[in-house]
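Participant: So here's input24.cif, just mmCIF, C-alpha atoms, pLDDT in the B column; chains and numbers go by the auth columns:
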data_structure
loop_
_atom_site.group_PDB
_atom_site.id
_atom_site.type_symbol
_atom_site.label_atom_id
_atom_site.label_comp_id
_atom_site.label_asym_id
_atom_site.label_seq_id
_atom_site.Cartn_x
_atom_site.Cartn_y
_atom_site.Cartn_z
_atom_site.B_iso_or_equiv
_atom_site.auth_seq_id
_atom_site.auth_asym_id
ATOM 1 C CA MET A 1 0.000 0.000 0.000 95.00 1340 Z
ATOM 2 C CA THR A 2 1.215 3.504 -0.889 98.00 1341 Z
ATOM 3 C CA TYR A 3 0.247 6.566 1.133 98.00 1342 Z
ATOM 4 C CA TRP A 4 -0.186 10.204 0.099 98.00 1343 Z
ATOM 5 C CA MET A 5 2.120 12.744 1.752 98.00 1344 Z
ATOM 6 C CA THR A 6 1.985 16.543 1.481 98.00 1345 Z
ATOM 7 C CA GLN A 7 3.820 19.409 3.100 98.00 1346 Z
ATOM 8 C CA SER A 8 0.543 20.747 4.500 97.00 1347 Z
ATOM 9 C CA LEU A 9 0.030 17.617 6.616 98.00 1348 Z
ATOM 10 C CA LEU A 10 3.604 17.705 7.877 98.00 1349 Z
ATOM 11 C CA SER A 11 3.272 21.442 8.549 97.00 1350 Z
ATOM 12 C CA ALA A 12 0.175 20.904 10.703 96.00 1351 Z
ATOM 13 C CA TRP A 13 2.119 18.348 12.747 98.00 1352 Z
ATOM 14 C CA ILE A 14 5.189 20.575 13.102 97.00 1353 Z
ATOM 15 C CA TYR A 15 2.963 23.483 14.134 95.00 1354 Z
ATOM 16 C CA TYR A 16 1.501 21.328 16.910 96.00 1355 Z
ATOM 17 C CA LEU A 17 4.963 20.287 18.112 96.00 1356 Z
ATOM 18 C CA GLY A 18 6.045 23.921 18.348 93.00 1357 Z
ATOM 19 C CA ALA A 19 2.858 25.293 19.920 92.00 1358 Z
ATOM 20 C CA GLU A 20 3.129 26.979 23.292 92.00 1359 Z
ATOM 21 C CA GLU A 21 1.363 25.251 26.151 90.00 1360 Z
ATOM 22 C CA GLU A 22 -1.665 27.562 26.152 91.00 1361 Z
ATOM 23 C CA HIS A 23 -2.196 26.868 22.429 92.00 1362 Z
ATOM 24 C CA ALA A 24 -1.328 23.168 22.426 93.00 1363 Z
ATOM 25 C CA ALA A 25 -4.905 21.886 22.635 95.00 1364 Z
ATOM 26 C CA THR A 26 -6.048 24.054 19.720 93.00 1365 Z
ATOM 27 C CA ALA A 27 -3.002 23.051 17.661 94.00 1366 Z
ATOM 28 C CA TRP A 28 -3.688 19.379 18.402 95.00 1367 Z
ATOM 29 C CA ASP A 29 -7.314 19.696 17.314 94.00 1368 Z
ATOM 30 C CA SER A 30 -6.205 21.429 14.115 94.00 1369 Z
ATOM 31 C CA PHE A 31 -3.679 18.675 13.410 96.00 1370 Z
ATOM 32 C CA LEU A 32 -6.266 15.948 13.962 96.00 1371 Z
ATOM 33 C CA SER A 33 -8.665 17.756 11.655 96.00 1372 Z
ATOM 34 C CA THR A 34 -5.988 17.837 8.954 96.00 1373 Z
ATOM 35 C CA LEU A 35 -5.133 14.183 9.574 98.00 1374 Z
ATOM 36 C CA ARG A 36 -8.797 13.258 9.152 97.00 1375 Z
ATOM 37 C CA ARG A 37 -9.093 15.360 5.981 96.00 1376 Z
ATOM 38 C CA GLU A 38 -11.923 17.400 7.457 96.00 1377 Z
ATOM 39 C CA LYS A 39 -13.094 20.401 5.468 91.00 1378 Z
ATOM 40 C CA LYS A 40 -12.476 23.739 7.148 87.00 1379 Z
ATOM 41 C CA ASP A 41 -13.826 27.198 6.496 89.00 1380 Z
ATOM 42 C CA PRO A 42 -10.983 29.458 5.340 90.00 1381 Z
ATOM 43 C CA THR A 43 -9.664 31.800 8.007 90.00 1382 Z
ATOM 44 C CA LYS A 44 -9.089 35.507 7.407 92.00 1383 Z
ATOM 45 C CA ALA A 45 -5.364 34.783 7.061 91.00 1384 Z
ATOM 46 C CA MET A 46 -6.044 32.110 4.448 93.00 1385 Z
ATOM 47 C CA GLN A 47 -8.353 34.429 2.528 95.00 1386 Z
ATOM 48 C CA ASP A 48 -5.728 37.177 2.563 94.00 1387 Z
ATOM 49 C CA GLY A 49 -3.132 34.712 1.296 95.00 1388 Z
ATOM 50 C CA THR A 50 -5.373 33.643 -1.564 95.00 1389 Z
ATOM 51 C CA LEU A 51 -6.146 37.264 -2.444 93.00 1390 Z
ATOM 52 C CA PHE A 52 -2.495 38.311 -2.511 95.00 1391 Z
ATOM 53 C CA GLU A 53 -1.405 35.324 -4.583 96.00 1392 Z
ATOM 54 C CA ASP A 54 -4.233 35.977 -7.018 94.00 1393 Z
ATOM 55 C CA MET A 55 -3.071 39.588 -7.387 94.00 1394 Z
ATOM 56 C CA VAL A 56 0.445 38.396 -8.206 96.00 1395 Z
ATOM 57 C CA ASN A 57 -0.849 35.850 -10.718 96.00 1396 Z
ATOM 58 C CA ARG A 58 -2.998 38.432 -12.459 94.00 1397 Z
ATOM 59 C CA ILE A 59 -0.094 40.838 -12.799 95.00 1398 Z
ATOM 60 C CA VAL A 60 2.160 38.102 -14.185 96.00 1399 Z
ATOM 61 C CA SER A 61 -0.507 37.089 -16.703 94.00 1400 Z
ATOM 62 C CA GLY A 62 -1.113 40.692 -17.766 91.00 1401 Z
ATOM 63 C CA ALA A 63 -4.642 40.819 -16.380 87.00 1402 Z
ATOM 64 C CA GLY A 64 -5.905 43.714 -14.310 74.00 1403 Z
ATOM 65 C CA PHE A 65 -6.942 43.653 -10.661 71.00 1404 Z
ATOM 66 C CA ASP A 66 -9.093 45.629 -8.280 69.00 1405 Z
ATOM 67 C CA GLU A 67 -7.287 48.929 -7.885 68.00 1406 Z
ATOM 68 C CA THR A 68 -9.298 49.755 -4.770 71.00 1407 Z
ATOM 69 C CA VAL A 69 -7.071 47.313 -2.886 77.00 1408 Z
ATOM 70 C CA ASN A 70 -4.668 48.858 -0.384 86.00 1409 Z
ATOM 71 C CA GLU A 71 -1.756 50.553 -2.196 88.00 1410 Z
ATOM 72 C CA LYS A 72 0.811 48.645 -0.148 93.00 1411 Z
ATOM 73 C CA TRP A 73 -0.736 45.379 -1.362 94.00 1412 Z
ATOM 74 C CA ILE A 74 -0.599 46.563 -4.973 93.00 1413 Z
ATOM 75 C CA GLN A 75 3.041 47.605 -4.776 94.00 1414 Z
ATOM 76 C CA ALA A 76 3.982 44.379 -3.000 96.00 1415 Z
ATOM 77 C CA ALA A 77 2.148 42.281 -5.592 96.00 1416 Z
ATOM 78 C CA ILE A 78 3.969 44.120 -8.386 95.00 1417 Z
ATOM 79 C CA ARG A 79 7.299 43.525 -6.670 97.00 1418 Z
ATOM 80 C CA VAL A 80 6.666 39.802 -6.194 98.00 1419 Z
ATOM 81 C CA ALA A 81 5.281 39.484 -9.726 97.00 1420 Z
ATOM 82 C CA LYS A 82 8.555 40.846 -11.154 97.00 1421 Z
ATOM 83 C CA ARG A 83 10.367 37.919 -9.552 97.00 1422 Z
ATOM 84 C CA CYS A 84 7.848 35.402 -10.849 98.00 1423 Z
ATOM 85 C CA ASP A 85 7.436 36.833 -14.341 97.00 1424 Z
ATOM 86 C CA GLY A 86 8.617 34.400 -17.004 97.00 1425 Z
ATOM 87 C CA GLY A 87 8.319 31.388 -14.739 98.00 1426 Z
ATOM 88 C CA LEU A 88 6.012 28.401 -14.913 97.00 1427 Z
ATOM 89 C CA SER A 89 3.047 28.732 -12.557 97.00 1428 Z
ATOM 90 C CA GLN A 90 1.126 26.162 -10.513 97.00 1429 Z
ATOM 91 C CA VAL A 91 3.440 23.295 -11.387 98.00 1430 Z
ATOM 92 C CA PRO A 92 2.474 19.950 -9.785 98.00 1431 Z
ATOM 93 C CA ILE A 93 5.397 17.777 -8.696 98.00 1432 Z
ATOM 94 C CA THR A 94 5.407 14.241 -7.348 98.00 1433 Z
ATOM 95 C CA GLY A 95 7.676 11.345 -6.516 97.00 1434 Z
ATOM 96 C CA SER A 96 7.937 8.097 -4.585 97.00 1435 Z
ATOM 97 C CA LEU A 97 9.793 7.556 -1.317 98.00 1436 Z
ATOM 98 C CA SER A 98 10.101 4.568 1.009 97.00 1437 Z
ATOM 99 C CA VAL A 99 10.659 5.260 4.708 97.00 1438 Z
ATOM 100 C CA ASP A 100 10.866 2.637 7.449 93.00 1439 Z
ATOM 101 C CA GLY A 101 9.040 0.019 5.394 94.00 1440 Z
ATOM 102 C CA MET A 102 6.240 2.333 4.226 97.00 1441 Z
ATOM 103 C CA ASP A 103 5.803 3.594 0.675 98.00 1442 Z
ATOM 104 C CA PHE A 104 4.784 7.193 0.095 98.00 1443 Z
ATOM 105 C CA CYS A 105 3.704 9.270 -2.866 98.00 1444 Z
ATOM 106 C CA LEU A 106 4.947 12.796 -2.172 98.00 1445 Z
ATOM 107 C CA TYR A 107 2.985 15.575 -3.846 98.00 1446 Z
ATOM 108 C CA GLY A 108 3.141 19.343 -4.072 98.00 1447 Z
ATOM 109 C CA VAL A 109 2.289 22.293 -6.300 98.00 1448 Z
ATOM 110 C CA CYS A 110 4.906 24.991 -6.925 98.00 1449 Z
ATOM 111 C CA ASP A 111 3.565 28.531 -7.159 98.00 1450 Z
ATOM 112 C CA TYR A 112 6.308 29.334 -9.664 98.00 1451 Z
ATOM 113 C CA ILE A 113 9.444 27.718 -11.072 98.00 1452 Z
ATOM 114 C CA LYS A 114 11.929 29.969 -12.860 98.00 1453 Z
ATOM 115 C CA ALA A 115 15.562 29.369 -13.844 96.00 1454 Z
ATOM 116 C CA GLY A 116 15.981 26.512 -11.397 97.00 1455 Z
ATOM 117 C CA VAL A 117 14.354 28.347 -8.506 98.00 1456 Z
ATOM 118 C CA ILE A 118 11.124 27.236 -6.818 98.00 1457 Z
ATOM 119 C CA MET A 119 9.149 30.224 -5.544 98.00 1458 Z
ATOM 120 C CA ASP A 120 6.319 30.144 -3.027 98.00 1459 Z
ATOM 121 C CA ILE A 121 4.190 33.194 -2.239 98.00 1460 Z
ATOM 122 C CA LYS A 122 3.313 33.829 1.400 98.00 1461 Z
ATOM 123 C CA LYS A 123 1.071 36.494 2.952 98.00 1462 Z
ATOM 124 C CA VAL A 124 1.651 36.644 6.699 97.00 1463 Z
ATOM 125 C CA VAL A 125 0.515 38.842 9.576 95.00 1464 Z
ATOM 126 C CA ARG A 126 3.967 39.110 11.136 95.00 1465 Z
ATOM 127 C CA TYR A 127 7.381 38.111 9.828 97.00 1466 Z
ATOM 128 C CA GLU A 128 10.763 37.423 11.386 96.00 1467 Z
ATOM 129 C CA TYR A 129 13.681 36.057 9.389 93.00 1468 Z
ATOM 130 C CA GLY A 130 13.944 32.291 9.680 95.00 1469 Z
ATOM 131 C CA LYS A 131 10.191 31.861 9.952 97.00 1470 Z
ATOM 132 C CA TYR A 132 10.286 28.936 7.518 97.00 1471 Z
ATOM 133 C CA GLN A 133 13.474 27.288 8.749 96.00 1472 Z
ATOM 134 C CA ASN A 134 11.576 24.285 10.097 96.00 1473 Z
ATOM 135 C CA SER A 135 9.022 24.153 7.305 98.00 1474 Z
ATOM 136 C CA PRO A 136 8.825 20.800 5.484 98.00 1475 Z
ATOM 137 C CA GLN A 137 7.900 22.568 2.245 98.00 1476 Z
ATOM 138 C CA HIS A 138 11.332 23.404 0.864 98.00 1477 Z
ATOM 139 C CA PRO A 139 12.877 20.012 1.798 98.00 1478 Z
ATOM 140 C CA LEU A 140 9.971 18.180 0.170 98.00 1479 Z
ATOM 141 C CA TYR A 141 9.824 20.304 -2.975 98.00 1480 Z
ATOM 142 C CA LEU A 142 13.583 20.302 -3.547 98.00 1481 Z
ATOM 143 C CA HIS A 143 13.560 16.532 -3.088 98.00 1482 Z
ATOM 144 C CA LEU A 144 10.885 16.231 -5.763 98.00 1483 Z
ATOM 145 C CA LEU A 145 12.630 18.618 -8.150 98.00 1484 Z
ATOM 146 C CA PRO A 146 16.310 17.590 -8.097 96.00 1485 Z
ATOM 147 C CA GLU A 147 17.205 19.982 -10.916 97.00 1486 Z
ATOM 148 C CA ALA A 148 16.151 22.996 -8.824 98.00 1487 Z
ATOM 149 C CA LYS A 149 19.019 24.824 -7.136 97.00 1488 Z
ATOM 150 C CA ARG A 150 17.105 26.684 -4.428 98.00 1489 Z
ATOM 151 C CA PHE A 151 13.730 27.505 -2.883 98.00 1490 Z
ATOM 152 C CA ASP A 152 12.612 31.099 -2.293 98.00 1491 Z
ATOM 153 C CA TYR A 153 9.749 32.076 0.006 98.00 1492 Z
ATOM 154 C CA LEU A 154 8.379 35.404 -1.285 98.00 1493 Z
ATOM 155 C CA ILE A 155 6.786 36.968 1.766 98.00 1494 Z
ATOM 156 C CA PHE A 156 4.515 39.975 2.308 98.00 1495 Z
ATOM 157 C CA ASP A 157 3.490 40.985 5.825 97.00 1496 Z
ATOM 158 C CA GLY A 158 1.084 43.743 4.858 95.00 1497 Z
ATOM 159 C CA SER A 159 3.785 46.400 4.828 95.00 1498 Z
ATOM 160 C CA ASN A 160 7.052 44.994 3.504 97.00 1499 Z
ATOM 161 C CA CYS A 161 8.305 42.237 1.211 98.00 1500 Z
ATOM 162 C CA TYR A 162 10.961 39.694 2.171 98.00 1501 Z
ATOM 163 C CA VAL A 163 12.756 36.764 0.569 98.00 1502 Z
ATOM 164 C CA GLU A 164 13.787 33.738 2.608 98.00 1503 Z
ATOM 165 C CA THR A 165 16.037 31.379 0.638 98.00 1504 Z
ATOM 166 C CA TYR A 166 17.032 27.758 1.200 98.00 1505 Z
ATOM 167 C CA ARG A 167 19.557 25.711 -0.742 98.00 1506 Z
ATOM 168 C CA ARG A 168 20.449 22.047 -0.613 95.00 1507 Z
ATOM 169 C CA GLY A 169 22.431 21.357 2.520 93.00 1508 Z
ATOM 170 C CA ASP A 170 20.533 23.972 4.539 96.00 1509 Z
ATOM 171 C CA PHE A 171 18.054 21.427 5.918 96.00 1510 Z
ATOM 172 C CA ARG A 172 17.516 17.800 6.867 96.00 1511 Z
ATOM 173 C CA PRO A 173 16.353 15.370 4.182 97.00 1512 Z
ATOM 174 C CA ILE A 174 12.583 15.103 4.014 98.00 1513 Z
ATOM 175 C CA ALA A 175 12.866 11.351 4.651 98.00 1514 Z
ATOM 176 C CA GLN A 176 14.026 12.091 8.211 98.00 1515 Z
ATOM 177 C CA THR A 177 11.030 14.316 8.874 98.00 1516 Z
ATOM 178 C CA ILE A 178 8.624 11.709 7.508 98.00 1517 Z
ATOM 179 C CA ALA A 179 10.261 8.988 9.614 98.00 1518 Z
ATOM 180 C CA GLU A 180 9.785 11.105 12.763 98.00 1519 Z
ATOM 181 C CA PHE A 181 6.206 11.857 11.754 98.00 1520 Z
ATOM 182 C CA ILE A 182 5.354 8.169 11.379 98.00 1521 Z
ATOM 183 C CA ARG A 183 6.998 7.336 14.715 98.00 1522 Z
ATOM 184 C CA PHE A 184 4.972 10.128 16.335 98.00 1523 Z
ATOM 185 C CA LEU A 185 1.735 8.768 14.862 98.00 1524 Z
ATOM 186 C CA THR A 186 2.595 5.268 16.016 97.00 1525 Z
ATOM 187 C CA ASP A 187 3.284 6.423 19.581 97.00 1526 Z
ATOM 188 C CA ALA A 188 0.182 8.655 19.642 96.00 1527 Z
ATOM 189 C CA GLY A 189 -2.131 5.981 18.252 95.00 1528 Z
ATOM 190 C CA GLY A 190 -2.788 7.922 15.085 96.00 1529 Z
ATOM 191 C CA LEU A 191 -1.156 5.736 12.447 97.00 1530 Z
ATOM 192 C CA ASP A 192 -4.390 3.918 11.614 97.00 1531 Z
ATOM 193 C CA ILE A 193 -6.112 7.277 11.091 97.00 1532 Z
ATOM 194 C CA TYR A 194 -3.376 8.316 8.686 98.00 1533 Z
ATOM 195 C CA LYS A 195 -3.628 5.048 6.778 98.00 1534 Z
ATOM 196 C CA ALA A 196 -7.428 5.331 6.569 97.00 1535 Z
ATOM 197 C CA PHE A 197 -7.488 8.876 5.177 98.00 1536 Z
ATOM 198 C CA TRP A 198 -4.220 9.117 3.245 98.00 1537 Z
ATOM 199 C CA SER A 199 -3.998 5.894 1.264 98.00 1538 Z
ATOM 200 C CA MET A 200 -3.846 6.219 -2.512 97.00 1539 Z
ATOM 201 C CA ASP A 201 -7.195 6.451 -4.277 96.00 1540 Z
ATOM 202 C CA ASN A 202 -8.329 7.211 -7.823 97.00 1541 Z
ATOM 203 C CA GLU A 203 -8.172 10.990 -7.423 97.00 1542 Z
ATOM 204 C CA ARG A 204 -4.671 10.901 -5.959 98.00 1543 Z
ATOM 205 C CA GLU A 205 -3.516 8.497 -8.635 97.00 1544 Z
ATOM 206 C CA ARG A 206 -4.872 10.897 -11.252 97.00 1545 Z
ATOM 207 C CA LYS A 207 -2.931 13.772 -9.684 97.00 1546 Z
ATOM 208 C CA ARG A 208 0.208 11.664 -9.541 97.00 1547 Z
ATOM 209 C CA ARG A 209 0.025 10.776 -13.211 96.00 1548 Z
ATOM 210 C CA ALA A 210 -0.733 14.360 -14.237 95.00 1549 Z
ATOM 211 C CA ALA A 211 2.348 15.591 -12.368 96.00 1550 Z
ATOM 212 C CA GLN A 212 4.768 13.119 -13.960 87.00 1551 Z
#
Translate this file's structure into structure tokens.
Facilitator:
Amino acid sequence: MTYWMTQSLLSAWIYYLGAEEEHAATAWDSFLSTLRREKKDPTKAMQDGTLFEDMVNRIVSGAGFDETVNEKWIQAAIRVAKRCDGGLSQVPITGSLSVDGMDFCLYGVCDYIKAGVIMDIKKVVRYEYGKYQNSPQHPLYLHLLPEAKRFDYLIFDGSNCYVETYRRGDFRPIAQTIAEFIRFLTDAGGLDIYKAFWSMDNERERKRRAAQ
């Protein structure tokens, strides 16, 4: 049996591990919801992220956008779009990986790929450098795209733009993170939940084939 693995699932787990004590219960509930593939209403932060990314995409494609949006957002979107312009957008990537006797199909979608650089657009409320140091996204995506030389997070916090870059050798292999994740699930009694909701099905197989 092969199981589906995404950076969003690993991110929900890592967020729980790093949550402060007063937020641990909420983070655990959020992780379980992700593990069980439960549908969630988008938060304000998620909606803002979608809006900002859409602005960037529209600028790159030459389409217009709502000019009543905050001027700082417009200027930030233009700045990020200049980096992305000429790249391939919404590129699905996939690959197989075996860890501790389990087979996984890793899957992700790159916001942009340009000249060997994977770029991911982030809209955040607050930013400090190193925010994405422990993110599983760049290790997973660079594993799936061996020809890429680096991963750039293109970040907008509502006022300023930032770039956080990771190259090979800056992080642990994604296989180590997945191995720790599976051990955590085993110890916490959640491995059967993962297997029930994340096994390969027809839709995931279709996505895998489309990304090859």
Participant: List the neighbours of region 1425-1438 of chain Z out to 7 Å using all atoms listed in the file; skip same-chain residues closer than 2 positions along the sequence, and give me the result as a PDB file with C-alpha atoms, in the frame of the given file.
Facilitator:
ATOM      1  CA  CYS Z1423       7.848  35.402 -10.849  1.00 98.00           C
ATOM      2  CA  GLY Z1440       9.040   0.019   5.394  1.00 94.00           C
ATOM      3  CA  MET Z1441       6.240   2.333   4.226  1.00 97.00           C
ATOM      4  CA  ASP Z1442       5.803   3.594   0.675  1.00 98.00           C
ATOM      5  CA  PHE Z1443       4.784   7.193   0.095  1.00 98.00           C
ATOM      6  CA  CYS Z1444       3.704   9.270  -2.866  1.00 98.00           C
ATOM      7  CA  LEU Z1445       4.947  12.796  -2.172  1.00 98.00           C
ATOM      8  CA  TYR Z1446       2.985  15.575  -3.846  1.00 98.00           C
ATOM      9  CA  GLY Z1447       3.141  19.343  -4.072  1.00 98.00           C
ATOM     10  CA  VAL Z1448       2.289  22.293  -6.300  1.00 98.00           C
ATOM     11  CA  CYS Z1449       4.906  24.991  -6.925  1.00 98.00           C
ATOM     12  CA  ASP Z1450       3.565  28.531  -7.159  1.00 98.00           C
ATOM     13  CA  TYR Z1451       6.308  29.334  -9.664  1.00 98.00           C
ATOM     14  CA  ILE Z1452       9.444  27.718 -11.072  1.00 98.00           C
ATOM     15  CA  LYS Z1453      11.929  29.969 -12.860  1.00 98.00           C
ATOM     16  CA  LEU Z1483      10.885  16.231  -5.763  1.00 98.00           C
ATOM     17  CA  ALA Z1514      12.866  11.351   4.651  1.00 98.00           C
ATOM     18  CA  ALA Z1518      10.261   8.988   9.614  1.00 98.00           C
ATOM     19  CA  ARG Z1547       0.208  11.664  -9.541  1.00 97.00           C
ATOM     20  CA  ALA Z1550       2.348  15.591 -12.368  1.00 96.00           C
ATOM     21  CA  GLN Z1551       4.768  13.119 -13.960  1.00 87.00           C
TER      22      GLN Z1551
END
Participant: Can you translate the PyMOL selection byres ((chain Z and resi 1493) around 9) into the concrete residues it hits in this file, as a PyMOL selection string?
Facilitator: chain Z and resi 1419+1422+1458-1462+1491-1492+1494-1495+1500-1504
Participant: Applying the PyMOL selection byres ((chain Z and resi 1388) around 12) to the file I just gave you, which residues come out? Please list them as a list in words.
Facilitator: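 Applied to this file, the PyMOL selection byres ((chain Z and resi 1388) around 12) selects Pro1381, Thr1382, Lys1383, Ala1384, Met1385, Gln1386, Asp1387, Thr1389, Leu1390, Phe1391, Glu1392, Asp1393, Met1394, Val1395, Trp1412, Ala1416, Asp1459, Ile1460, Lys1461, Lys1462, Val1463, Val1464, Leu1493, Ile1494, Phe1495, Asp1496 and Gly1497 of chain Z.
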Participant: Applying 7 Å and all atoms listed in the file, which residues near Ser1538 (chain Z) remain after dropping the ones on its own chain fewer than 5 positions away? List them as JSON, numbers by chain.
Facilitator: {"Z": [1341, 1342, 1343]}
Participant: Quick one: residues within 12 Å of Glu1410 (chain Z), all atoms listed in the file, excluding same-chain residues fewer than 5 positions away - as a VMD selection string?
Facilitator: chain Z and resid 1405 1415 to 1417 1497 to 1499
Participant: Pick out the residues sitting within 10 Å of region 1533-1536 of chain Z, and hand them over as a PyMOL selection string; count only C-alpha atoms, and ignore anything fewer than 2 positions along from it in its own chain.
Facilitator: chain Z and resi 1340-1344+1371+1373-1377+1521+1524-1525+1528-1531+1538-1540
Participant: Rounded to one decimal place, report the CA of Gln1472 (chain Z)-CA of Arg1397 (chain Z) distance in Å.
Facilitator: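 For CA of Gln1472 (chain Z) relative to CA of Arg1397 (chain Z), the distance reads 29.1 Å.
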Participant: How would region 1466-1526 of chain Z look written as a short mmCIF file (atom, residue, chain, number, x, y, z; two decimals), in the first residue's frame with C-alpha atoms?
Facilitator:
data_model
loop_
_atom_site.label_atom_id
_atom_site.label_comp_id
_atom_site.auth_asym_id
_atom_site.auth_seq_id
_atom_site.Cartn_x
_atom_site.Cartn_y
_atom_site.Cartn_z
CA TYR Z 1466 7.38 38.11 9.83
CA GLU Z 1467 10.76 37.42 11.39
CA TYR Z 1468 13.68 36.06 9.39
CA GLY Z 1469 13.94 32.29 9.68
CA LYS Z 1470 10.19 31.86 9.95
CA TYR Z 1471 10.29 28.94 7.52
CA GLN Z 1472 13.47 27.29 8.75
CA ASN Z 1473 11.58 24.28 10.10
CA SER Z 1474 9.02 24.15 7.31
CA PRO Z 1475 8.83 20.80 5.48
CA GLN Z 1476 7.90 22.57 2.25
CA HIS Z 1477 11.33 23.40 0.86
CA PRO Z 1478 12.88 20.01 1.80
CA LEU Z 1479 9.97 18.18 0.17
CA TYR Z 1480 9.82 20.30 -2.98
CA LEU Z 1481 13.58 20.30 -3.55
CA HIS Z 1482 13.56 16.53 -3.09
CA LEU Z 1483 10.88 16.23 -5.76
CA LEU Z 1484 12.63 18.62 -8.15
CA PRO Z 1485 16.31 17.59 -8.10
CA GLU Z 1486 17.20 19.98 -10.92
CA ALA Z 1487 16.15 23.00 -8.82
CA LYS Z 1488 19.02 24.82 -7.14
CA ARG Z 1489 17.11 26.68 -4.43
CA PHE Z 1490 13.73 27.51 -2.88
CA ASP Z 1491 12.61 31.10 -2.29
CA TYR Z 1492 9.75 32.08 0.01
CA LEU Z 1493 8.38 35.40 -1.29
CA ILE Z 1494 6.79 36.97 1.77
CA PHE Z 1495 4.51 39.97 2.31
CA ASP Z 1496 3.49 40.99 5.83
CA GLY Z 1497 1.08 43.74 4.86
CA SER Z 1498 3.79 46.40 4.83
CA ASN Z 1499 7.05 44.99 3.50
CA CYS Z 1500 8.31 42.24 1.21
CA TYR Z 1501 10.96 39.69 2.17
CA VAL Z 1502 12.76 36.76 0.57
CA GLU Z 1503 13.79 33.74 2.61
CA THR Z 1504 16.04 31.38 0.64
CA TYR Z 1505 17.03 27.76 1.20
CA ARG Z 1506 19.56 25.71 -0.74
CA ARG Z 1507 20.45 22.05 -0.61
CA GLY Z 1508 22.43 21.36 2.52
CA ASP Z 1509 20.53 23.97 4.54
CA PHE Z 1510 18.05 21.43 5.92
CA ARG Z 1511 17.52 17.80 6.87
CA PRO Z 1512 16.35 15.37 4.18
CA ILE Z 1513 12.58 15.10 4.01
CA ALA Z 1514 12.87 11.35 4.65
CA GLN Z 1515 14.03 12.09 8.21
CA THR Z 1516 11.03 14.32 8.87
CA ILE Z 1517 8.62 11.71 7.51
CA ALA Z 1518 10.26 8.99 9.61
CA GLU Z 1519 9.79 11.10 12.76
CA PHE Z 1520 6.21 11.86 11.75
CA ILE Z 1521 5.35 8.17 11.38
CA ARG Z 1522 7.00 7.34 14.71
CA PHE Z 1523 4.97 10.13 16.33
CA LEU Z 1524 1.74 8.77 14.86
CA THR Z 1525 2.60 5.27 16.02
CA ASP Z 1526 3.28 6.42 19.58
#
